[in-house]
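Colleague: The structure that follows is given in the form of structure tokens.
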Amino acid sequence: MTLDQIAVGKEVKIIKVGGEGQLRIRLLDMGLIPQTKVRVQKAAPMGDPIEIHLRGYELTLRKQDAARIEVAEV
């Protein structure tokens with residue numbers, strides 16, 4: 001399951017961060033590292049982007065980027 005498939009209000013744990021090169025490094029720098037719990041806060045009216053809460057702050061991601069993050073239910 002990937003982060004873009006999670007319903008609003010649900011909490012999950014990051015298992016793996018995919019992507020290549022600069023994109024992967026950028027995601028890791030933003031705190032999206034394995035074993036981190038994240039909660040999907042809200043989604044834009046058309047579903048893209050989504051806002052997640054992790055490590056005490058909110059982060060907005062495009063669904064395309066969220067699709068590269070593997071997650072599991074907590």
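Each chain in the structure tokens gets a letter, A, B and so on, in the order shown; residues start at 1 in every chain, and ligands are counted from 1 in the order they appear.
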Which polymer residues have any atom within 7 Å of an atom of region 25-33 of chain A, counting only C-alpha atoms, with same-chain residues fewer than 4 positions away left out, as a ChimeraX atom specification?
Modeller: /A:14,17,21
Colleague: Just asking: which residues within chain A are strand (DSSP E or B) according to DSSP, as a PyMOL selection string?
Modeller: chain A and resi 2+11-17+37-43+50-54+57-61+69-73
Colleague: Pull N, CA and C atoms from the residues just selected and write them as a PDB file, in the first residue's frame.
Modeller:
```pdb
ATOM      1  N   THR A   2       0.460   2.273  -0.699  1.00  0.00           N
ATOM      2  CA  THR A   2       1.255   3.500  -0.762  1.00  0.00           C
ATOM      3  C   THR A   2       0.485   4.660  -0.125  1.00  0.00           C
ATOM      4  N   GLU A  11      -4.005   6.864  10.209  1.00  0.00           N
ATOM      5  CA  GLU A  11      -2.587   6.935  10.558  1.00  0.00           C
ATOM      6  C   GLU A  11      -1.892   5.659  10.096  1.00  0.00           C
ATOM      7  N   VAL A  12      -0.713   5.817   9.507  1.00  0.00           N
ATOM      8  CA  VAL A  12       0.076   4.691   8.999  1.00  0.00           C
ATOM      9  C   VAL A  12       1.544   4.896   9.349  1.00  0.00           C
ATOM     10  N   LYS A  13       2.334   3.859   9.106  1.00  0.00           N
ATOM     11  CA  LYS A  13       3.779   3.922   9.354  1.00  0.00           C
ATOM     12  C   LYS A  13       4.501   3.735   8.023  1.00  0.00           C
ATOM     13  N   ILE A  14       5.516   4.549   7.788  1.00  0.00           N
ATOM     14  CA  ILE A  14       6.296   4.447   6.550  1.00  0.00           C
ATOM     15  C   ILE A  14       7.169   3.199   6.608  1.00  0.00           C
ATOM     16  N   ILE A  15       7.117   2.421   5.537  1.00  0.00           N
ATOM     17  CA  ILE A  15       7.926   1.206   5.425  1.00  0.00           C
ATOM     18  C   ILE A  15       9.146   1.447   4.529  1.00  0.00           C
ATOM     19  N   LYS A  16       8.903   2.097   3.378  1.00  0.00           N
ATOM     20  CA  LYS A  16       9.976   2.287   2.407  1.00  0.00           C
ATOM     21  C   LYS A  16       9.721   3.557   1.608  1.00  0.00           C
ATOM     22  N   VAL A  17      10.782   4.291   1.330  1.00  0.00           N
ATOM     23  CA  VAL A  17      10.690   5.495   0.497  1.00  0.00           C
ATOM     24  C   VAL A  17      11.342   5.185  -0.833  1.00  0.00           C
ATOM     25  N   LYS A  37       5.587   7.525  11.838  1.00  0.00           N
ATOM     26  CA  LYS A  37       4.124   7.490  11.746  1.00  0.00           C
ATOM     27  C   LYS A  37       3.646   8.784  11.107  1.00  0.00           C
ATOM     28  N   VAL A  38       2.708   8.661  10.171  1.00  0.00           N
ATOM     29  CA  VAL A  38       2.113   9.820   9.512  1.00  0.00           C
ATOM     30  C   VAL A  38       0.593   9.674   9.505  1.00  0.00           C
ATOM     31  N   ARG A  39      -0.099  10.807   9.539  1.00  0.00           N
ATOM     32  CA  ARG A  39      -1.561  10.813   9.469  1.00  0.00           C
ATOM     33  C   ARG A  39      -1.972  11.710   8.312  1.00  0.00           C
ATOM     34  N   VAL A  40      -2.861  11.208   7.481  1.00  0.00           N
ATOM     35  CA  VAL A  40      -3.373  12.006   6.369  1.00  0.00           C
ATOM     36  C   VAL A  40      -4.390  12.987   6.940  1.00  0.00           C
ATOM     37  N   GLN A  41      -4.104  14.278   6.869  1.00  0.00           N
ATOM     38  CA  GLN A  41      -4.937  15.323   7.445  1.00  0.00           C
ATOM     39  C   GLN A  41      -6.100  15.699   6.536  1.00  0.00           C
ATOM     40  N   LYS A  42      -5.778  16.000   5.276  1.00  0.00           N
ATOM     41  CA  LYS A  42      -6.820  16.404   4.337  1.00  0.00           C
ATOM     42  C   LYS A  42      -6.311  16.285   2.912  1.00  0.00           C
ATOM     43  N   ALA A  43      -7.259  16.391   1.992  1.00  0.00           N
ATOM     44  CA  ALA A  43      -6.924  16.339   0.570  1.00  0.00           C
ATOM     45  C   ALA A  43      -7.603  17.503  -0.123  1.00  0.00           C
ATOM     46  N   ILE A  50      -2.208  16.162  -1.162  1.00  0.00           N
ATOM     47  CA  ILE A  50      -2.699  15.734   0.143  1.00  0.00           C
ATOM     48  C   ILE A  50      -1.829  16.370   1.223  1.00  0.00           C
ATOM     49  N   GLU A  51      -2.422  16.580   2.394  1.00  0.00           N
ATOM     50  CA  GLU A  51      -1.668  17.132   3.526  1.00  0.00           C
ATOM     51  C   GLU A  51      -1.529  16.038   4.572  1.00  0.00           C
ATOM     52  N   ILE A  52      -0.295  15.833   5.040  1.00  0.00           N
ATOM     53  CA  ILE A  52      -0.043  14.832   6.068  1.00  0.00           C
ATOM     54  C   ILE A  52       0.567  15.493   7.298  1.00  0.00           C
ATOM     55  N   HIS A  53       0.391  14.839   8.432  1.00  0.00           N
ATOM     56  CA  HIS A  53       0.969  15.320   9.681  1.00  0.00           C
ATOM     57  C   HIS A  53       2.014  14.300  10.123  1.00  0.00           C
ATOM     58  N   LEU A  54       3.226  14.773  10.366  1.00  0.00           N
ATOM     59  CA  LEU A  54       4.294  13.904  10.849  1.00  0.00           C
ATOM     60  C   LEU A  54       5.278  14.718  11.665  1.00  0.00           C
ATOM     61  N   TYR A  57       4.593  18.477  12.475  1.00  0.00           N
ATOM     62  CA  TYR A  57       4.301  19.517  11.481  1.00  0.00           C
ATOM     63  C   TYR A  57       3.469  18.945  10.337  1.00  0.00           C
ATOM     64  N   GLU A  58       2.886  19.837   9.539  1.00  0.00           N
ATOM     65  CA  GLU A  58       2.098  19.437   8.394  1.00  0.00           C
ATOM     66  C   GLU A  58       2.939  19.581   7.129  1.00  0.00           C
ATOM     67  N   LEU A  59       2.745  18.646   6.225  1.00  0.00           N
ATOM     68  CA  LEU A  59       3.491  18.630   4.971  1.00  0.00           C
ATOM     69  C   LEU A  59       2.507  18.336   3.847  1.00  0.00           C
ATOM     70  N   THR A  60       2.606  19.074   2.770  1.00  0.00           N
ATOM     71  CA  THR A  60       1.751  18.856   1.612  1.00  0.00           C
ATOM     72  C   THR A  60       2.569  18.169   0.524  1.00  0.00           C
ATOM     73  N   LEU A  61       2.002  17.077  -0.007  1.00  0.00           N
ATOM     74  CA  LEU A  61       2.673  16.295  -1.051  1.00  0.00           C
ATOM     75  C   LEU A  61       1.759  16.107  -2.247  1.00  0.00           C
ATOM     76  N   ILE A  69       5.866   6.272  -1.686  1.00  0.00           N
ATOM     77  CA  ILE A  69       6.105   5.968  -0.257  1.00  0.00           C
ATOM     78  C   ILE A  69       5.251   4.785   0.164  1.00  0.00           C
ATOM     79  N   GLU A  70       5.905   3.668   0.470  1.00  0.00           N
ATOM     80  CA  GLU A  70       5.206   2.468   0.930  1.00  0.00           C
ATOM     81  C   GLU A  70       4.879   2.602   2.400  1.00  0.00           C
ATOM     82  N   VAL A  71       3.654   2.243   2.783  1.00  0.00           N
ATOM     83  CA  VAL A  71       3.209   2.367   4.172  1.00  0.00           C
ATOM     84  C   VAL A  71       2.497   1.094   4.612  1.00  0.00           C
ATOM     85  N   ALA A  72       2.346   0.974   5.936  1.00  0.00           N
ATOM     86  CA  ALA A  72       1.585  -0.125   6.530  1.00  0.00           C
ATOM     87  C   ALA A  72       0.730   0.442   7.645  1.00  0.00           C
ATOM     88  N   GLU A  73      -0.393  -0.229   7.930  1.00  0.00           N
ATOM     89  CA  GLU A  73      -1.260   0.226   9.010  1.00  0.00           C
ATOM     90  C   GLU A  73      -0.550   0.088  10.336  1.00  0.00           C
TER      91      GLU A  73
END
```
Colleague: Give me, as a PyMOL selection string, the residues of chain A that a backbone DSSP run labels alpha helix (DSSP H).
Modeller: chain A and resi 21-29+63-66
Colleague: Go ahead and write the residues just picked, C-alpha atoms, as a PDB file, in the first residue's frame.
Modeller:
```
ATOM      1  CA  GLY A  21      18.140  10.615  -7.007  1.00  0.00           C
ATOM      2  CA  GLN A  22      17.112  14.088  -5.894  1.00  0.00           C
ATOM      3  CA  LEU A  23      13.448  13.180  -5.363  1.00  0.00           C
ATOM      4  CA  ARG A  24      14.274  10.429  -2.861  1.00  0.00           C
ATOM      5  CA  ILE A  25      16.768  12.657  -1.047  1.00  0.00           C
ATOM      6  CA  ARG A  26      14.185  15.475  -0.864  1.00  0.00           C
ATOM      7  CA  LEU A  27      11.544  13.135   0.607  1.00  0.00           C
ATOM      8  CA  LEU A  28      13.989  11.824   3.221  1.00  0.00           C
ATOM      9  CA  ASP A  29      15.105  15.375   4.096  1.00  0.00           C
ATOM     10  CA  LYS A  63      -0.107  12.349  -5.066  1.00  0.00           C
ATOM     11  CA  GLN A  64       2.584  11.451  -7.597  1.00  0.00           C
ATOM     12  CA  ASP A  65       5.243  11.764  -4.859  1.00  0.00           C
ATOM     13  CA  ALA A  66       3.065  10.103  -2.200  1.00  0.00           C
TER      14      ALA A  66
END
```
Colleague: One decimal, Å: what's the distance from CA of Ile6 (chain A) over to CA of Val74 (chain A), could you say?
Modeller: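 Going from CA of Ile6 (chain A) over to CA of Val74 (chain A), I get 12.2 Å.
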Colleague: Just how far from CA of Val8 (chain A) is CA of Glu20 (chain A), in Å to one decimal?
Modeller: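 We find that CA of Glu20 (chain A) and CA of Val8 (chain A) lie 27.0 Å from each other.
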Colleague: When you count only C-alpha atoms, which of these residues is closest to Gly47 (chain A): A:Arg62, A:Met1, A:Gly9, A:Gly19?
Modeller: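 Checking each of A:Arg62, A:Met1, A:Gly9, A:Gly19 against Gly47 (chain A), counting only C-alpha atoms, the winner is A:Arg62.
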